[in-house]
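File shown: upload-v7.cif. Contents: mmCIF, C-alpha atoms.
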data_start
#
loop_
_atom_site.label_atom_id
_atom_site.label_comp_id
_atom_site.auth_asym_id
_atom_site.auth_seq_id
_atom_site.Cartn_x
_atom_site.Cartn_y
_atom_site.Cartn_z
CA MET L 206 -17.08 -125.33 19.62
CA ASN L 207 -16.34 -128.88 20.64
CA ARG L 208 -12.89 -130.39 20.47
CA ILE L 209 -13.40 -132.25 17.21
CA GLY L 210 -14.75 -129.13 15.60
CA LYS L 211 -11.71 -127.19 16.76
CA LEU L 212 -9.34 -129.85 15.42
CA LEU L 213 -11.14 -129.89 12.10
CA PHE L 214 -11.00 -126.12 11.87
CA LEU L 215 -7.31 -126.10 12.71
CA SER L 216 -6.47 -128.78 10.16
CA ILE L 217 -8.40 -126.95 7.43
CA LEU L 218 -6.63 -123.75 8.36
CA SER L 219 -3.19 -125.35 8.30
CA ASN L 220 -3.96 -126.99 4.96
CA LEU L 221 -4.92 -123.63 3.54
CA MET L 222 -1.70 -122.13 4.87
CA LEU L 223 0.39 -124.95 3.44
CA TYR L 224 -1.31 -124.62 0.09
CA GLY L 225 -0.72 -120.90 0.13
CA CYS L 226 3.00 -121.42 0.71
CA VAL L 227 3.26 -123.96 -2.06
CA SER L 228 1.64 -121.83 -4.71
CA ALA L 229 3.69 -118.82 -3.64
CA GLN L 230 6.96 -120.58 -4.46
CA ASP L 231 8.73 -119.53 -7.58
CA GLU L 232 8.15 -121.50 -10.72
CA ASN L 233 10.88 -123.78 -11.85
CA LYS L 234 9.97 -125.94 -14.81
CA SER L 235 13.11 -127.80 -15.68
CA PRO L 236 14.45 -129.42 -12.56
CA ALA L 237 17.93 -128.18 -11.79
CA LEU L 238 19.77 -131.30 -10.76
CA PRO L 239 23.32 -131.73 -9.54
CA ALA L 240 25.76 -132.82 -12.25
CA PRO L 241 25.26 -136.44 -13.29
CA ALA L 242 27.94 -139.05 -12.66
CA LYS L 243 28.35 -139.23 -16.42
CA MET L 244 26.62 -138.62 -19.73
CA LEU L 245 26.03 -141.34 -22.31
CA GLY L 246 24.96 -139.36 -25.36
CA ASN L 247 21.84 -137.52 -24.19
CA ILE L 248 21.31 -139.82 -21.23
CA ALA L 249 22.31 -138.39 -17.86
CA VAL L 250 23.50 -141.19 -15.59
CA TYR L 251 23.10 -140.69 -11.86
CA ASP L 252 24.61 -143.06 -9.32
CA GLU L 253 22.91 -141.63 -6.23
CA PHE L 254 19.19 -141.30 -5.64
CA ASP L 255 19.68 -138.11 -3.61
CA ASN L 256 20.90 -136.31 -6.72
CA ILE L 257 17.72 -136.99 -8.70
CA GLU L 258 15.28 -136.69 -5.81
CA PRO L 259 14.44 -133.05 -6.75
CA ILE L 260 12.66 -134.24 -9.91
CA PHE L 261 9.95 -135.67 -7.64
CA HIS L 262 9.40 -132.42 -5.77
CA GLN L 263 9.16 -129.61 -8.31
CA GLN L 264 6.76 -126.86 -7.35
CA SER L 265 5.75 -125.29 -10.62
CA ASP L 266 2.85 -125.16 -13.05
CA THR L 267 4.36 -128.11 -14.93
CA THR L 268 3.01 -131.64 -14.53
CA TYR L 269 5.70 -134.29 -14.29
CA VAL L 270 5.22 -137.80 -15.61
CA ILE L 271 8.07 -139.98 -14.39
CA ASN L 272 8.15 -143.58 -15.52
CA PHE L 273 10.44 -146.17 -13.90
CA TRP L 274 11.53 -148.75 -16.45
CA ALA L 275 14.42 -150.85 -17.72
CA THR L 276 15.24 -152.46 -21.06
CA TRP L 277 15.19 -155.85 -19.29
CA CYS L 278 11.61 -155.32 -18.15
CA LYS L 279 9.17 -156.61 -20.77
CA PRO L 280 5.99 -154.88 -19.55
CA CYS L 281 7.97 -151.63 -19.28
CA VAL L 282 9.11 -151.86 -22.89
CA GLU L 283 5.53 -152.69 -23.92
CA GLU L 284 4.16 -149.48 -22.42
CA LEU L 285 6.98 -147.14 -23.52
CA PRO L 286 5.25 -146.26 -26.82
CA TYR L 287 2.35 -144.84 -24.77
CA PHE L 288 4.70 -142.33 -23.18
CA GLU L 289 6.12 -141.42 -26.57
CA GLN L 290 2.61 -140.96 -27.92
CA LEU L 291 1.78 -138.80 -24.92
CA TYR L 292 4.87 -136.69 -25.60
CA GLU L 293 3.55 -135.95 -29.10
CA ALA L 294 -0.06 -135.49 -28.00
CA LEU L 295 0.74 -132.98 -25.26
CA LYS L 296 3.43 -131.00 -27.07
CA GLY L 297 3.25 -127.35 -26.14
CA GLN L 298 1.49 -128.10 -22.86
CA LYS L 299 3.11 -127.86 -19.47
CA VAL L 300 4.01 -131.51 -19.17
CA LYS L 301 7.44 -133.01 -18.65
CA ILE L 302 7.90 -136.72 -19.34
CA ILE L 303 10.94 -138.42 -17.85
CA LEU L 304 11.78 -142.07 -18.54
CA LEU L 305 13.86 -143.09 -15.54
CA SER L 306 15.83 -146.22 -16.43
CA LEU L 307 16.88 -148.70 -13.75
CA ASP L 308 18.99 -150.74 -16.14
CA PHE L 309 21.93 -152.65 -14.71
CA PRO L 310 25.02 -150.40 -14.54
CA ARG L 311 27.02 -152.80 -16.72
CA GLN L 312 24.33 -152.78 -19.42
CA LEU L 313 23.94 -149.04 -19.92
CA GLU L 314 26.19 -148.95 -22.95
CA SER L 315 25.34 -152.39 -24.31
CA LYS L 316 21.54 -152.28 -23.81
CA LEU L 317 20.14 -148.89 -22.81
CA VAL L 318 21.99 -146.60 -25.25
CA PRO L 319 21.25 -148.78 -28.32
CA PHE L 320 17.61 -149.16 -27.22
CA VAL L 321 17.11 -145.41 -26.92
CA GLN L 322 18.76 -144.85 -30.31
CA GLU L 323 16.98 -147.64 -32.17
CA ASN L 324 13.58 -146.58 -30.88
CA ARG L 325 14.39 -142.89 -31.36
CA LEU L 326 12.92 -142.01 -27.98
CA LYS L 327 11.89 -138.38 -27.82
CA SER L 328 11.12 -138.21 -24.10
CA GLU L 329 13.99 -137.42 -21.78
CA VAL L 330 15.79 -140.54 -20.53
CA ILE L 331 17.70 -140.54 -17.25
CA ALA L 332 19.49 -143.57 -15.83
CA LEU L 333 19.74 -144.24 -12.11
CA THR L 334 22.34 -146.83 -11.13
CA ASP L 335 21.91 -146.51 -7.36
CA GLY L 336 21.21 -150.16 -6.53
CA GLN L 337 20.31 -149.36 -2.92
CA PHE L 338 16.61 -149.57 -3.67
CA SER L 339 15.50 -150.14 -0.11
CA VAL L 340 16.73 -146.67 0.80
CA TRP L 341 14.59 -144.84 -1.74
CA ILE L 342 11.65 -146.98 -2.90
CA ASP L 343 9.45 -145.75 -0.05
CA LYS L 344 10.44 -142.15 -0.78
CA ILE L 345 8.75 -142.50 -4.17
CA SER L 346 5.68 -144.18 -2.65
CA PRO L 347 5.06 -146.56 0.26
CA GLU L 348 2.64 -148.32 -2.12
CA TRP L 349 5.50 -149.33 -4.40
CA THR L 350 6.44 -152.97 -3.87
CA GLY L 351 9.54 -152.75 -6.06
CA ALA L 352 8.14 -154.31 -9.22
CA ILE L 353 8.41 -152.20 -12.37
CA PRO L 354 6.99 -150.49 -14.35
CA VAL L 355 5.52 -147.80 -12.13
CA THR L 356 4.76 -144.18 -12.91
CA MET L 357 4.63 -141.08 -10.75
CA ILE L 358 2.48 -138.21 -12.00
CA TYR L 359 2.46 -134.97 -10.04
CA ASN L 360 2.29 -131.23 -10.09
CA ALA L 361 2.26 -128.60 -7.38
CA GLN L 362 -1.33 -129.47 -6.43
CA LYS L 363 -1.50 -133.25 -6.40
CA ARG L 364 0.34 -136.46 -7.03
CA HIS L 365 -0.64 -139.91 -8.17
CA PHE L 366 1.43 -143.08 -8.00
CA TYR L 367 0.46 -145.62 -10.64
CA GLY L 368 1.85 -148.96 -9.51
CA GLU L 369 1.49 -151.09 -12.61
CA GLN L 370 1.76 -151.33 -16.36
CA PHE L 371 -0.67 -149.15 -18.33
CA ALA L 372 -3.14 -151.35 -20.18
CA SER L 373 -3.59 -148.81 -22.96
CA TYR L 374 -2.50 -145.40 -24.16
CA GLU L 375 -5.96 -144.08 -23.29
CA ASP L 376 -5.49 -145.04 -19.64
CA LEU L 377 -2.27 -143.07 -19.45
CA GLU L 378 -3.63 -140.06 -21.31
CA LYS L 379 -6.77 -139.90 -19.18
CA LEU L 380 -4.76 -139.98 -15.98
CA VAL L 381 -2.31 -137.28 -17.10
CA LYS L 382 -5.02 -135.03 -18.56
CA ALA L 383 -6.72 -134.97 -15.17
CA PHE L 384 -3.68 -133.01 -13.99
CA LEU L 385 -3.83 -130.36 -16.70
CA MET F 348 -28.70 -165.80 39.04
CA LYS F 349 -30.25 -163.34 36.60
CA LYS F 350 -27.50 -160.91 37.42
CA VAL F 351 -24.82 -163.53 36.71
CA LEU F 352 -26.49 -164.37 33.41
CA GLY F 353 -26.57 -160.70 32.57
CA ILE F 354 -22.86 -160.35 33.27
CA VAL F 355 -22.08 -163.43 31.20
CA ALA F 356 -24.17 -162.07 28.34
CA LEU F 357 -22.37 -158.73 28.58
CA MET F 358 -19.01 -160.47 28.59
CA ALA F 359 -20.03 -162.52 25.58
CA LEU F 360 -21.08 -159.36 23.82
CA ALA F 361 -17.80 -157.70 24.72
CA VAL F 362 -15.86 -160.68 23.38
CA ALA F 363 -17.94 -160.65 20.21
CA ILE F 364 -17.22 -156.96 19.69
CA TRP F 365 -13.55 -157.51 20.44
CA VAL F 366 -13.33 -160.39 17.97
CA ALA F 367 -15.08 -158.31 15.33
CA ALA F 368 -12.67 -155.44 15.98
CA VAL F 369 -9.65 -157.73 15.76
CA ASP F 370 -11.02 -159.12 12.52
CA VAL F 371 -11.27 -155.66 11.06
CA ASN F 372 -7.74 -154.85 12.22
CA ASN F 373 -6.44 -157.96 10.57
CA THR F 374 -7.80 -156.97 7.19
CA PRO F 375 -4.68 -155.54 5.60
CA ASP F 376 -4.68 -152.62 3.19
CA MET F 377 -2.43 -154.63 0.94
CA PRO F 378 -3.07 -158.32 0.49
CA GLY F 379 -0.50 -160.83 1.64
CA LEU F 380 1.55 -161.64 4.68
CA LYS F 381 2.92 -159.15 7.14
CA VAL F 382 5.86 -159.86 9.42
CA GLY F 383 4.51 -161.86 12.36
CA ASP F 384 1.78 -163.56 10.30
CA THR F 385 1.75 -167.32 9.88
CA ALA F 386 2.45 -168.33 6.30
CA PRO F 387 0.34 -170.99 4.60
CA ASP F 388 2.02 -174.27 3.72
CA PHE F 389 1.60 -175.53 0.17
CA LYS F 390 1.98 -178.62 -1.96
CA LEU F 391 3.75 -177.79 -5.21
CA LYS F 392 5.50 -179.80 -7.87
CA ASN F 393 9.28 -179.77 -7.74
CA VAL F 394 11.47 -179.96 -10.86
CA ASP F 395 12.15 -183.62 -9.96
CA GLY F 396 8.43 -184.34 -10.37
CA LYS F 397 7.75 -184.87 -6.65
CA MET F 398 5.26 -182.81 -4.68
CA VAL F 399 6.87 -180.72 -1.93
CA SER F 400 5.41 -179.12 1.21
CA LEU F 401 7.21 -177.23 3.95
CA LYS F 402 6.10 -179.88 6.44
CA ASP F 403 8.21 -182.41 4.47
CA TYR F 404 11.38 -180.76 5.76
CA ASN F 405 11.89 -182.70 8.96
CA ASP F 406 14.80 -180.95 10.61
CA ALA F 407 14.21 -177.42 9.40
CA LYS F 408 14.52 -174.58 11.89
CA GLY F 409 13.12 -172.25 9.27
CA TYR F 410 12.55 -171.80 5.56
CA ILE F 411 13.85 -169.30 3.04
CA VAL F 412 10.93 -169.20 0.61
CA ILE F 413 12.05 -167.28 -2.48
CA PHE F 414 9.77 -166.39 -5.36
CA THR F 415 12.05 -166.45 -8.37
CA CYS F 416 12.02 -167.51 -11.99
CA ASN F 417 14.03 -168.37 -15.09
CA THR F 418 13.39 -165.25 -17.10
CA CYS F 419 13.68 -162.17 -14.92
CA PRO F 420 17.09 -160.52 -15.35
CA VAL F 421 17.12 -159.48 -11.70
CA ALA F 422 16.36 -163.06 -10.63
CA LYS F 423 19.15 -164.24 -12.93
CA ALA F 424 21.52 -161.73 -11.33
CA TYR F 425 20.65 -163.33 -8.00
CA GLU F 426 20.75 -166.96 -9.13
CA ASN F 427 24.28 -167.69 -7.95
CA ARG F 428 23.69 -165.82 -4.72
CA ILE F 429 20.60 -167.93 -4.02
CA ILE F 430 22.61 -171.11 -4.59
CA GLU F 431 25.36 -169.85 -2.28
CA LEU F 432 22.80 -168.80 0.31
CA HIS F 433 21.27 -172.28 0.37
CA ASN F 434 24.67 -173.96 0.59
CA LYS F 435 25.51 -171.76 3.54
CA THR F 436 22.24 -171.82 5.47
CA ALA F 437 20.70 -175.25 4.70
CA PRO F 438 23.28 -177.06 6.88
CA LYS F 439 22.20 -174.73 9.71
CA GLY F 440 18.56 -175.76 9.22
CA TYR F 441 17.38 -172.99 6.89
CA PRO F 442 16.92 -174.41 3.38
CA VAL F 443 15.98 -172.30 0.37
CA VAL F 444 12.60 -173.28 -1.09
CA ALA F 445 12.30 -171.58 -4.48
CA ILE F 446 8.88 -171.05 -6.06
CA GLN F 447 8.36 -169.99 -9.68
CA PRO F 448 5.13 -167.91 -9.74
CA ASN F 449 4.88 -166.72 -13.36
CA ASP F 450 2.17 -167.99 -15.68
CA PRO F 451 3.92 -169.77 -18.58
CA SER F 452 1.15 -168.72 -20.97
CA VAL F 453 2.33 -165.15 -20.40
CA GLN F 454 6.02 -165.97 -19.91
CA PRO F 455 6.82 -169.15 -21.91
CA GLY F 456 10.43 -169.16 -20.65
CA ASP F 457 9.04 -170.06 -17.22
CA SER F 458 7.31 -173.29 -18.21
CA PHE F 459 7.77 -176.30 -15.97
CA GLU F 460 10.04 -177.90 -18.60
CA ALA F 461 12.14 -174.73 -18.80
CA MET F 462 12.38 -174.72 -14.99
CA GLN F 463 13.60 -178.32 -15.06
CA ALA F 464 16.22 -177.47 -17.67
CA ARG F 465 17.45 -174.46 -15.72
CA ALA F 466 17.63 -176.33 -12.41
CA LYS F 467 19.59 -179.10 -14.10
CA ALA F 468 21.97 -176.80 -15.97
CA GLU F 469 22.78 -174.81 -12.84
CA SER F 470 22.64 -177.82 -10.47
CA TYR F 471 20.16 -176.17 -8.11
CA PRO F 472 20.79 -177.65 -4.65
CA PHE F 473 17.30 -176.58 -3.48
CA ALA F 474 13.70 -177.39 -4.42
CA TYR F 475 12.46 -175.33 -7.36
CA LEU F 476 8.67 -175.49 -7.26
CA PHE F 477 6.07 -174.46 -9.80
CA ASP F 478 3.13 -172.40 -8.53
CA ASP F 479 0.86 -174.07 -11.08
CA GLY F 480 -2.39 -172.09 -11.30
CA GLN F 481 -0.84 -169.18 -9.36
CA LYS F 482 -2.61 -170.06 -6.11
CA ILE F 483 0.28 -169.61 -3.67
CA TYR F 484 2.04 -166.34 -4.50
CA PRO F 485 -1.10 -164.21 -3.89
CA GLN F 486 -1.50 -165.79 -0.45
CA TYR F 487 2.03 -164.68 0.38
CA GLY F 488 1.48 -161.31 -1.27
CA ALA F 489 4.51 -161.69 -3.50
CA SER F 490 4.67 -159.06 -6.24
CA ARG F 491 8.03 -159.53 -7.91
CA THR F 492 10.93 -161.84 -8.55
CA PRO F 493 13.14 -162.32 -6.66
CA GLU F 494 11.35 -161.83 -3.35
CA VAL F 495 12.16 -163.56 -0.05
CA TYR F 496 9.86 -164.77 2.73
CA LEU F 497 11.92 -166.01 5.67
CA LEU F 498 9.77 -168.22 7.91
CA ASP F 499 10.68 -169.69 11.27
CA LYS F 500 9.90 -173.31 12.13
CA ASN F 501 6.34 -172.38 13.10
CA LEU F 502 5.91 -170.81 9.64
CA LYS F 503 5.80 -167.36 11.16
CA LEU F 504 7.05 -164.68 8.77
CA ARG F 505 10.14 -163.09 10.30
CA TYR F 506 11.70 -161.24 7.37
CA THR F 507 10.55 -160.36 3.85
CA GLY F 508 11.92 -158.58 0.82
CA ALA F 509 15.36 -158.35 -0.67
CA ILE F 510 18.15 -160.90 -0.35
CA ASP F 511 20.82 -158.23 0.09
CA ASP F 512 21.37 -154.52 -0.32
CA ASN F 513 22.59 -154.36 -3.90
CA GLN F 514 21.60 -155.85 -7.25
CA ASN F 515 25.25 -155.73 -8.18
CA SER F 516 26.86 -158.62 -6.29
CA SER F 517 30.24 -156.90 -6.01
CA ALA F 518 28.68 -153.90 -4.25
CA VAL F 519 26.78 -155.86 -1.57
CA THR F 520 27.46 -154.81 2.01
CA VAL F 521 24.64 -156.60 3.88
CA ASN F 522 22.95 -159.94 3.33
CA TYR F 523 19.58 -159.32 4.95
CA VAL F 524 18.53 -162.98 4.95
CA GLU F 525 21.65 -164.18 6.74
CA LYS F 526 21.36 -161.26 9.15
CA ALA F 527 17.73 -162.16 9.90
CA ILE F 528 18.61 -165.83 10.46
CA ALA F 529 21.34 -164.78 12.90
CA ALA F 530 18.76 -162.69 14.77
CA ILE F 531 16.28 -165.59 14.95
CA GLU F 532 19.04 -167.90 16.19
CA ALA F 533 19.89 -165.34 18.87
CA GLY F 534 16.24 -165.15 19.94
CA LYS F 535 15.83 -161.64 18.58
CA GLU F 536 13.54 -159.97 16.06
CA PRO F 537 15.23 -159.42 12.70
CA ASP F 538 15.96 -155.76 12.06
CA PRO F 539 15.20 -154.77 9.37
CA SER F 540 12.29 -157.16 8.89
CA LEU F 541 11.20 -155.70 5.53
CA VAL F 542 13.46 -154.45 2.76
CA LYS F 543 12.09 -153.49 -0.64
CA ALA F 544 13.98 -153.95 -3.88
CA VAL F 545 13.32 -153.55 -7.58
CA GLY F 546 12.42 -156.71 -9.43
CA CYS F 547 10.27 -158.04 -12.24
CA GLY F 548 6.53 -158.00 -11.66
CA ILE F 549 5.06 -161.49 -11.37
CA LYS F 550 3.44 -162.35 -14.70
CA ALA F 551 -0.23 -163.17 -14.27
CA LYS F 552 -2.82 -163.76 -16.97
CA LYS F 553 -3.99 -160.38 -18.12
CA ASN F 554 -7.56 -159.51 -17.32
CA TYR F 555 -7.82 -156.87 -19.98
#

Mind turning the file's structure into structure tokens?
Amino acid sequence: MNRIGKLLFLSILSNLMLYGCVSAQDENKSPALPAPAKMLGNIAVYDEFDNIEPIFHQQSDTTYVINFWATWCKPCVEELPYFEQLYEALKGQKVKIILLSLDFPRQLESKLVPFVQENRLKSEVIALTDGQFSVWIDKISPEWTGAIPVTMIYNAQKRHFYGEQFASYEDLEKLVKAFL
Amino acid sequence: MKKVLGIVALMALAVAIWVAAVDVNNTPDMPGLKVGDTAPDFKLKNVDGKMVSLKDYNDAKGYIVIFTCNTCPVAKAYENRIIELHNKTAPKGYPVVAIQPNDPSVQPGDSFEAMQARAKAESYPFAYLFDDGQKIYPQYGASRTPEVYLLDKNLKLRYTGAIDDNQNSSAVTVNYVEKAIAAIEAGKEPDPSLVKAVGCGIKAKKNY
């Protein structure tokens, strides 16, 4: 076997081994996170990215749909109903939708909490007030420029970073259903 | 003689291949400028009605090109810091050149008239230019407001990204732009030369 062939064989083998390890891990659907900095009603507020990082690395049969948004971000607010619609449409399936708010710390109580209440959001809302974006943006995806909204969809097998606003509910649903 | 011609032809071929290869390497995965690239100059309308280009700044040692706007809450949170930055660095030869990239048909609060009103109300000490037709921001590869492109006097991109390390002005520990300028002045490469931050996506006409 030539060298390239050997390399190819080795990389396939190691991929298989990696995959084997991943699927052998125990299933853990609801991410166990460290205690939040505080709770505002149902909204867990985290002030350090490290404490919510596990929600991006769950190894279970659940598909996670994590949307970065803020009440100040118009295109984010425009696409939020799609996530709520998805929540209803995929009820009973192994999908977890998390709306991860990047609202300004000083506007959590004046903007975020009333917004969540007025719109009766059913999806889980978490707030992250760690303003040190440069430290963690690339950990979500090197493709992310920093503009919001963006959405991370993943499960134990694959992940997809969607770096813009969804044009329609159908676009979101199609993308998520490909994971189920 | 034939041999010499042959060698010349081979060399020409080699150069052609090399140029082609370089060309391919220069095609970035993501559009826009990378640190080390030369930024394009532009000619955009300032809020005072005059057209402004970078080459109009006679004594500049560099330029702090910032894509920002009236409407983005993050840009607003940085407004005072951008004014302070200019007041601090312009006397050293590094003026802020602000460019508003949003399409007013999508974001009416960013119309040229609204820009004029904002610049007047807040006494902007720097040029606040309108990227009319959205021709310039894609050339820079800007994606959000606010976003900085620090150019040296040869228009070479030396630093890009965030102004500082925290949206919340009271929690800032590093001003990346000032740090990068200090590095350029000391003849060094800015480190970091790219810092990402969350901002508002630039509003372009929707194609759907």

Selection dump of the PyMOL selection byres ((chain L and resi 335) around 9), as a PyMOL selection string: (chain L and resi 251-254+307+310+333-334+336-338) or (chain F and resi 513)

With a distance threshold of 10 Å and counting all atoms listed in the file, extract the residues of chain L near chain F and express them as an mmCIF file with C-alpha atoms, in the frame of the given file.
data_model
loop_
_atom_site.group_PDB
_atom_site.id
_atom_site.type_symbol
_atom_site.label_atom_id
_atom_site.label_comp_id
_atom_site.auth_asym_id
_atom_site.auth_seq_id
_atom_site.Cartn_x
_atom_site.Cartn_y
_atom_site.Cartn_z
ATOM 1 C CA ALA L 275 14.420 -150.850 -17.720
ATOM 2 C CA TRP L 277 15.190 -155.850 -19.290
ATOM 3 C CA CYS L 278 11.610 -155.320 -18.150
ATOM 4 C CA LYS L 279 9.170 -156.610 -20.770
ATOM 5 C CA PRO L 280 5.990 -154.880 -19.550
ATOM 6 C CA CYS L 281 7.970 -151.630 -19.280
ATOM 7 C CA LEU L 307 16.880 -148.700 -13.750
ATOM 8 C CA ASP L 308 18.990 -150.740 -16.140
ATOM 9 C CA PHE L 309 21.930 -152.650 -14.710
ATOM 10 C CA PRO L 310 25.020 -150.400 -14.540
ATOM 11 C CA ARG L 311 27.020 -152.800 -16.720
ATOM 12 C CA THR L 334 22.340 -146.830 -11.130
ATOM 13 C CA ASP L 335 21.910 -146.510 -7.360
ATOM 14 C CA GLY L 336 21.210 -150.160 -6.530
ATOM 15 C CA GLN L 337 20.310 -149.360 -2.920
ATOM 16 C CA PHE L 338 16.610 -149.570 -3.670
ATOM 17 C CA SER L 339 15.500 -150.140 -0.110
ATOM 18 C CA VAL L 340 16.730 -146.670 0.800
ATOM 19 C CA TRP L 341 14.590 -144.840 -1.740
ATOM 20 C CA ILE L 342 11.650 -146.980 -2.900
ATOM 21 C CA ASP L 343 9.450 -145.750 -0.050
ATOM 22 C CA PRO L 347 5.060 -146.560 0.260
ATOM 23 C CA GLU L 348 2.640 -148.320 -2.120
ATOM 24 C CA TRP L 349 5.500 -149.330 -4.400
ATOM 25 C CA THR L 350 6.440 -152.970 -3.870
ATOM 26 C CA GLY L 351 9.540 -152.750 -6.060
ATOM 27 C CA ALA L 352 8.140 -154.310 -9.220
ATOM 28 C CA ILE L 353 8.410 -152.200 -12.370
ATOM 29 C CA PRO L 354 6.990 -150.490 -14.350
ATOM 30 C CA GLU L 369 1.490 -151.090 -12.610
ATOM 31 C CA GLN L 370 1.760 -151.330 -16.360
ATOM 32 C CA ALA L 372 -3.140 -151.350 -20.180
ATOM 33 C CA SER L 373 -3.590 -148.810 -22.960
#

Local residues around (18.1, -135.4, -3.6), at most 12 Å away, using all atoms listed in the file, as a PyMOL selection string: chain L and resi 236-240+251-263+341+344-345

Given all atoms listed in the file as the counted atoms, nearest of F:Gln447, F:Gln481, F:Ser540, F:Thr415 to Ala527 (chain F):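 Checking each candidate against Ala527 (chain F), we get F:Ser540 as the closest.
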
From F:Asn405, F:Gln486, F:Thr436, F:Ser458, residue lying nearest Phe389 (chain F) [all atoms listed in the file]: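 Residue with the minimum atom-to-atom distance to Phe389 (chain F): F:Gln486.
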
CA of Glu283 (chain L) to CA of Lys552 (chain F), straight-line distance in Å: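 That distance, rounded to one decimal, is 15.5 Å.
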
Distance in Å - CA of His365 (chain L) versus CA of Leu380 (chain L): 8.8 Å

Using the incomplete input, complete region 342-356 of chain L to the level of N, CA and C atoms; output as a short mmCIF file (atom, residue, chain, number, x, y, z; two decimals), keeping the file's coordinate frame.
data_model
loop_
_atom_site.label_atom_id
_atom_site.label_comp_id
_atom_site.auth_asym_id
_atom_site.auth_seq_id
_atom_site.Cartn_x
_atom_site.Cartn_y
_atom_site.Cartn_z
N ILE L 342 12.95 -146.56 -2.35
CA ILE L 342 11.65 -146.98 -2.90
C ILE L 342 10.48 -146.32 -2.15
N ASP L 343 10.54 -146.33 -0.83
CA ASP L 343 9.45 -145.75 -0.05
C ASP L 343 9.36 -144.23 -0.19
N LYS L 344 10.48 -143.61 -0.58
CA LYS L 344 10.44 -142.15 -0.78
C LYS L 344 9.62 -141.81 -2.02
N ILE L 345 9.60 -142.72 -2.99
CA ILE L 345 8.75 -142.50 -4.17
C ILE L 345 7.30 -142.74 -3.76
N SER L 346 7.02 -143.90 -3.19
CA SER L 346 5.68 -144.18 -2.65
C SER L 346 5.73 -145.43 -1.79
N PRO L 347 5.13 -145.37 -0.60
CA PRO L 347 5.06 -146.56 0.26
C PRO L 347 4.26 -147.68 -0.41
N GLU L 348 3.44 -147.31 -1.41
CA GLU L 348 2.64 -148.32 -2.12
C GLU L 348 3.49 -149.17 -3.06
N TRP L 349 4.67 -148.65 -3.40
CA TRP L 349 5.50 -149.33 -4.40
C TRP L 349 6.15 -150.56 -3.78
N THR L 350 5.87 -151.74 -4.39
CA THR L 350 6.44 -152.97 -3.87
C THR L 350 7.86 -153.20 -4.37
N GLY L 351 8.22 -152.54 -5.47
CA GLY L 351 9.54 -152.75 -6.06
C GLY L 351 9.46 -153.30 -7.47
N ALA L 352 8.30 -153.82 -7.85
CA ALA L 352 8.14 -154.31 -9.22
C ALA L 352 8.06 -153.11 -10.15
N ILE L 353 8.59 -153.25 -11.37
CA ILE L 353 8.41 -152.20 -12.37
C ILE L 353 7.66 -152.77 -13.56
N PRO L 354 6.96 -151.96 -14.36
CA PRO L 354 6.99 -150.49 -14.35
C PRO L 354 6.05 -149.88 -13.30
N VAL L 355 6.43 -148.66 -12.90
CA VAL L 355 5.52 -147.80 -12.13
C VAL L 355 5.71 -146.38 -12.65
N THR L 356 4.71 -145.55 -12.41
CA THR L 356 4.76 -144.18 -12.91
C THR L 356 4.28 -143.21 -11.84
#
